[in-house]
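Chemist: Sharing a structure, written as structure tokens. Questions coming.
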Amino acid sequence: MGLTYESTKKEFLKDNFNIEKKDNQFVIALAGNPNTGKSTVFNSLTGLHQHTGNWPGKTVVNARGEFSFKNIDYVLVDLPGTYSLFATSVEELVARDYLCFGSPDAVIVVTDATALERNMNLVFQVMELMENVILCVNLIDEAKKKNIAIDGEKLSEELGIPVVLTAARSGVGMEDLKEALNGLVNKKIKSEPVNTIYSSGIENCILKIGETIEEDISDKNSRWYSLRMLDGDENLYDSMKKYLPHRDIDSIKNKVNNIIKDFDKNSIRDEICEVNFKRAEEIKKAVVIQDRSVKTRESRIDDILTSKRYGIPIMILLLAAVLWITVTGANYPSELIADFLFKVEDKITDIFHSLNSPQWLHGILVLGLYRTLAWVVSVMLPPMAIFFPIFTLLEDLGYLPRVAFNLDHYFKKACAHGKQCLSMCMGLGCNAAGVIGCRIIDSPRERLIAMLTNNFVPCNGRFPTLIAVASVFFVAKSGSSFGGIIPALIVTAMVIIGVIVTLGVSYLLSKTLLKGIPSSFTLELPPYRKPQVGRILYTSLIDRTIFVLTRAVIIAAPAGAITWLFGNIYIGDYSIIAWTANFLDPFAHLLGLDGYILMAFILGLPANEIVLPILLMAYLSTGHMIEFESIDSLRQVLLQHGWTYLTALNVMLFSLLHWPCATTLWTIKKETGSTKWTVIGALLPTAIAIVVCFITAALYRAVF
């Protein structure tokens, strides 16, 4: 006996989309724009019965859950947040392919009640593709705060599909959503989508393409396929070959190309977008009622935070405050962790002595590997544990999109993507995380620009060097504390310089190696929301802090062992470190540095946190990394080795601009899949750091 349709579908979903489906379960897709509360709807429906993974062959997260209602079992598939199904990004490609080829039993499209018009584009596209569609108009509580009311019944009439109004965070309307879904799968409620009607030329062409498609693909919605093929969506054919392997896709493509050969694809897409936009406007006028006579508290806040006069200064002051809290708050826990870990080192040393182990083995494993691990954890963990929760708090409040809004104009001038600002903000915590964050940028060209320039904002690994040097030369004389406001202001200035360099390099790349026109995008300004403390702590401490720290330790600890070897293997009267420093010294002098500083940066490639301890080890010729006891003692060490204000300035600039750490380079390689762009990602900032330091050194010496 052959396989039934249900068993075939189960195997297809498992093999192609990593989705487990039991017998007698309905598979429901959950689609929607970002920032519509889609994940909250998902969590409300599935509760704890959910798990995550990756879509096969993709880095996009795949969330799936199960729930039951009135003795019917459902599998809910949470699709990536996307603005359309044009498939210009990985997220859109995943969402489109699942809706096209995964054949869900129904689709719930989640929209934002406060921005219904902007969300309708995706709704129209899903309606063209699927018959069983439910529109979930979420965030009606936020809409009420903005004096917005939506006529759900009228909206349902306009679209021809069930409409449910919800506030998923508080559970409002969720039972109604389940009832609508239950009625839809039991065929008690009809879903008859009213599709957008285009010009007669487009409609006639859709009809012709549809007839061609139905000859080979009778089980698919020909209208949506026809629109995408008419629009010139080339990667749709690639997906068809993957998911419909027994169909002659090349033959279909040739037939379609003969039909559309006289059409201007760009004008087709423009017309489709224009018609959908007008329809969305008409629907909004018919179903949305808003009292604009009263200005909401949120709009009054936005008038300040996104204004041309106050927006940028507030951003800078907030950044300085966050850095001050991070710098000040990290000192005491760093000291406690360091004391504990170095006491553990003493115990380990006692064990080595009791076992009469060779001195070189103790040096490599304890003074090299373990001490590096202890330094990285004690220096890196507390700032990240403070910075990431604050960063996530601002993200949860809805402030980060306002930052992108304020900087969008500058990135547009630099021929880059406005979303690059968000990935740049992530880079403040960790450049590797910032590179991963570039996935939110749809355009491959602009995503690559963002990856190559993310290194120009200092990460937590570079903060210790920047703060220590700033404290030594601008605070210690007056007796100010290590965590004072002046180091925070100096680091803030470094961040601003990094942003300026990011914009400049982005412009140069867009005019040379990565030529192109900046793409437009829809930037949602989500409502200000009450922070979810549990989510903030989990996301910031587990997903970000522990993840980044683990990768840093894995790379940095072996580097400590190698550094110990270089400091203890002598050629004649000098160690390898000393020979290397002397070799580098003439070139380093041109940059306002010295050979030991440049060597410390080179050996600090695995992790920026170890640059300063390597430098101190080299200066003091101790043969192993040390920790400085106080700012005054550090100042004396640096002054004895010829440091001036020029040295301090250029060490900070070089630390800000030089090559990415090994973790970031590895992430660039993984994200781009290209050795070429990884090498450029290392050489480009290195060249800029050298040029900037050479210029500042020349100017300083000319003046003084």
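To be explicit about the labels: the chains of the structure tokens are called A, B, and onward in the order shown, and within each one the residues are counted from 1, while ligands get numbers from 1 in the order they are shown.
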Neighbours of A:Phe67 within 8 Å (only C-alpha atoms; same-chain residues fewer than 5 positions away dropped), as a compact mmCIF listing (two decimals) with N, CA and C atoms, in the first residue's frame?
Modeler:
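Full text of selection.txt as output:
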```
# COMPACT_ATOMS: atom_id res chain seq x y z
N LEU A 45 -0.33 31.36 23.03
CA LEU A 45 -1.03 30.18 22.51
C LEU A 45 -0.38 28.88 22.95
N THR A 46 0.95 28.84 22.93
CA THR A 46 1.66 27.57 23.16
C THR A 46 2.14 27.39 24.59
N HIS A 49 4.81 24.68 25.92
CA HIS A 49 4.94 23.58 24.95
C HIS A 49 5.55 24.09 23.65
N ASP A 73 -5.79 19.25 18.17
CA ASP A 73 -4.38 19.53 18.42
C ASP A 73 -3.80 20.35 17.27
N TYR A 74 -2.95 21.31 17.65
CA TYR A 74 -2.34 22.20 16.67
C TYR A 74 -0.83 22.24 16.85
N VAL A 75 -0.11 22.37 15.74
CA VAL A 75 1.31 22.72 15.75
C VAL A 75 1.41 24.15 15.22
N LEU A 76 1.99 25.04 16.02
CA LEU A 76 2.10 26.44 15.62
C LEU A 76 3.54 26.73 15.22
```
Chemist: I'd like the neighbourhood of stretch 527-533 of chain A as a VMD selection string, where a residue qualifies if any of its atoms comes within 12 Å (using only C-alpha atoms), though same-chain residues fewer than 3 positions away should be ignored.
Modeler: chain A and resid 35 to 37 40 112 to 115 139 to 146 169 296 to 302 389 to 402 524 536 to 541
Chemist: Could you please take those selected residues and save C-alpha atoms as a tab-separated table (two decimals), in the first residue's frame?
Modeler:
```tsv
chain	number	residue	atom	x	y	z
A	35	ASN	CA	7.44	44.55	16.47
A	36	THR	CA	3.81	43.47	16.17
A	37	GLY	CA	3.86	41.29	19.28
A	40	THR	CA	3.83	37.25	22.47
A	112	ASP	CA	0.05	46.13	14.97
A	113	ALA	CA	-3.18	47.98	15.71
A	114	THR	CA	-1.23	51.24	15.97
A	115	ALA	CA	0.29	50.82	12.48
A	139	LEU	CA	-1.70	45.61	20.54
A	140	ILE	CA	-5.21	47.06	20.78
A	141	ASP	CA	-4.27	48.21	24.29
A	142	GLU	CA	-1.44	50.29	22.83
A	143	ALA	CA	-3.85	51.60	20.18
A	144	LYS	CA	-6.28	52.67	22.89
A	145	LYS	CA	-3.53	54.73	24.53
A	146	LYS	CA	-3.09	56.52	21.20
A	169	ARG	CA	0.45	40.50	26.51
A	296	THR	CA	-0.50	61.10	23.58
A	297	ARG	CA	2.30	60.93	26.12
A	298	GLU	CA	4.24	58.67	23.75
A	299	SER	CA	4.11	61.19	20.89
A	300	ARG	CA	5.24	63.97	23.25
A	301	ILE	CA	8.23	61.82	24.30
A	302	ASP	CA	9.06	61.10	20.65
A	389	PRO	CA	21.18	44.24	30.68
A	390	ILE	CA	21.13	48.04	30.24
A	391	PHE	CA	21.41	47.62	26.48
A	392	THR	CA	18.61	45.01	26.49
A	393	LEU	CA	16.51	47.29	28.73
A	394	LEU	CA	16.79	50.11	26.18
A	395	GLU	CA	15.91	47.60	23.47
A	396	ASP	CA	12.87	46.35	25.41
A	397	LEU	CA	11.69	49.89	26.15
A	398	GLY	CA	11.71	50.67	22.42
A	399	TYR	CA	14.51	53.24	22.49
A	400	LEU	CA	16.98	51.58	20.08
A	401	PRO	CA	14.72	52.03	17.03
A	402	ARG	CA	14.67	55.75	17.94
A	524	GLU	CA	9.02	50.68	12.84
A	536	ILE	CA	15.92	41.01	29.90
A	537	LEU	CA	17.95	38.98	32.39
A	538	TYR	CA	17.79	35.81	30.31
A	539	THR	CA	18.60	37.51	27.01
A	540	SER	CA	21.40	39.68	28.39
A	541	LEU	CA	23.06	37.24	30.79
```
Chemist: Using atom CA of A:Leu184 and atom CA of A:Leu122 as the two end points, give the distance in Å to one decimal.
Modeler: 20.4 Å
Chemist: Find the spatial neighbours of stretch 665-672 of chain A, counting only C-alpha atoms, within a cut-off of 7 Å - ignore same-chain residues fewer than 6 positions away - and output them as JSON, numbers by chain.
Modeler: {"A": [432, 435, 451, 678]}
Chemist: Would you write out those residues with N, CA and C atoms, as a short mmCIF file (atom, residue, chain, number, x, y, z; two decimals), in the first residue's frame?
Modeler:
```cif
data_model
loop_
_atom_site.label_atom_id
_atom_site.label_comp_id
_atom_site.auth_asym_id
_atom_site.auth_seq_id
_atom_site.Cartn_x
_atom_site.Cartn_y
_atom_site.Cartn_z
N ALA A 432 31.56 40.67 17.66
CA ALA A 432 31.09 39.42 17.06
C ALA A 432 29.56 39.39 17.06
N VAL A 435 28.33 41.72 14.38
CA VAL A 435 28.40 41.13 13.04
C VAL A 435 27.21 40.20 12.81
N MET A 451 29.09 44.65 8.30
CA MET A 451 30.00 43.69 8.93
C MET A 451 31.44 44.22 8.95
N THR A 678 36.85 38.20 4.86
CA THR A 678 37.42 38.11 6.21
C THR A 678 38.79 38.79 6.24
#
```
Chemist: In Å, rounded to a single decimal, give me how far atom CA of A:Asp78 is from atom CA of A:Cys136.
Modeler: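 Taking atom CA of A:Cys136 as the start and atom CA of A:Asp78 as the end point, the length is 13.9 Å.
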Chemist: Pull the helix (DSSP H, G or I) assignments for stretch 31-201 of chain A out of DSSP run on the backbone, and list those residues as a VMD selection string.
Modeler: chain A and resid 38 to 46 90 to 101 113 to 129 140 to 145 152 to 159 168 to 170 174 to 185 200 to 201
Chemist: Of the candidates A:Leu452, A:Tyr700, A:Lys419, A:Ile386, which one gets nearest to A:Arg439 if we count only C-alpha atoms?
Modeler: A:Lys419
Chemist: Restricting the calculation to only C-alpha atoms, which member of A:Pro613, A:Pro685, A:Gly592, A:Pro382 is positioned closest to A:Ile546?
Modeler: A:Pro382
Chemist: Give the answer as one residue: which of A:Asn138, A:Glu92, A:Gln636, A:Leu129 has the shortest atom-to-atom distance to A:Ser39, using only C-alpha atoms?
Modeler: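 Selected residue with least distance to A:Ser39: A:Asn138.
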Chemist: Show which residues sit within 10 Å of A:Trp324, as a list in words. Count only C-alpha atoms, and ignore same-chain residues fewer than 5 positions away.
Modeler: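 The contact residues come out as Leu318, Leu319, Gly329, Ala330, Gly483, Gly484, Ile485, Ile486, Pro487, Ala488, Leu489, Val491 and Thr492 of chain A.
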Chemist: Would you save the residues from that selection as a CSV table (one decimal), in the first residue's frame, using N, CA and C atoms?
Modeler:
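Wrote it out as selection.csv, contents follow:
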```
chain,number,residue,atom,x,y,z
A,318,LEU,N,23.1,59.8,27.1
A,318,LEU,CA,22.7,58.5,27.6
A,318,LEU,C,23.8,57.5,27.4
A,319,LEU,N,24.5,57.6,26.3
A,319,LEU,CA,25.7,56.7,26.1
A,319,LEU,C,26.7,56.9,27.2
A,329,GLY,N,30.3,50.6,38.1
A,329,GLY,CA,29.7,49.4,38.7
A,329,GLY,C,30.6,48.1,38.5
A,330,ALA,N,31.5,48.1,37.5
A,330,ALA,CA,32.3,46.9,37.2
A,330,ALA,C,33.5,46.8,38.1
A,483,GLY,N,36.8,54.8,38.5
A,483,GLY,CA,35.5,54.7,37.8
A,483,GLY,C,34.9,56.1,37.7
A,484,GLY,N,35.6,57.1,37.7
A,484,GLY,CA,35.1,58.5,37.6
A,484,GLY,C,34.4,58.8,36.3
A,485,ILE,N,33.8,60.0,36.2
A,485,ILE,CA,33.1,60.4,35.0
A,485,ILE,C,34.0,60.8,33.9
A,486,ILE,N,35.2,61.2,34.2
A,486,ILE,CA,36.1,61.6,33.1
A,486,ILE,C,36.5,60.5,32.2
A,487,PRO,N,36.9,59.3,32.7
A,487,PRO,CA,37.2,58.2,31.8
A,487,PRO,C,35.9,57.8,31.0
A,488,ALA,N,34.8,57.9,31.6
A,488,ALA,CA,33.5,57.6,30.8
A,488,ALA,C,33.3,58.6,29.7
A,489,LEU,N,33.6,59.9,29.9
A,489,LEU,CA,33.5,60.9,28.9
A,489,LEU,C,34.5,60.7,27.8
A,491,VAL,N,35.9,57.8,26.9
A,491,VAL,CA,35.5,56.6,26.2
A,491,VAL,C,34.3,56.9,25.3
A,492,THR,N,33.4,57.8,25.8
A,492,THR,CA,32.3,58.3,25.0
A,492,THR,C,32.8,59.0,23.7
```
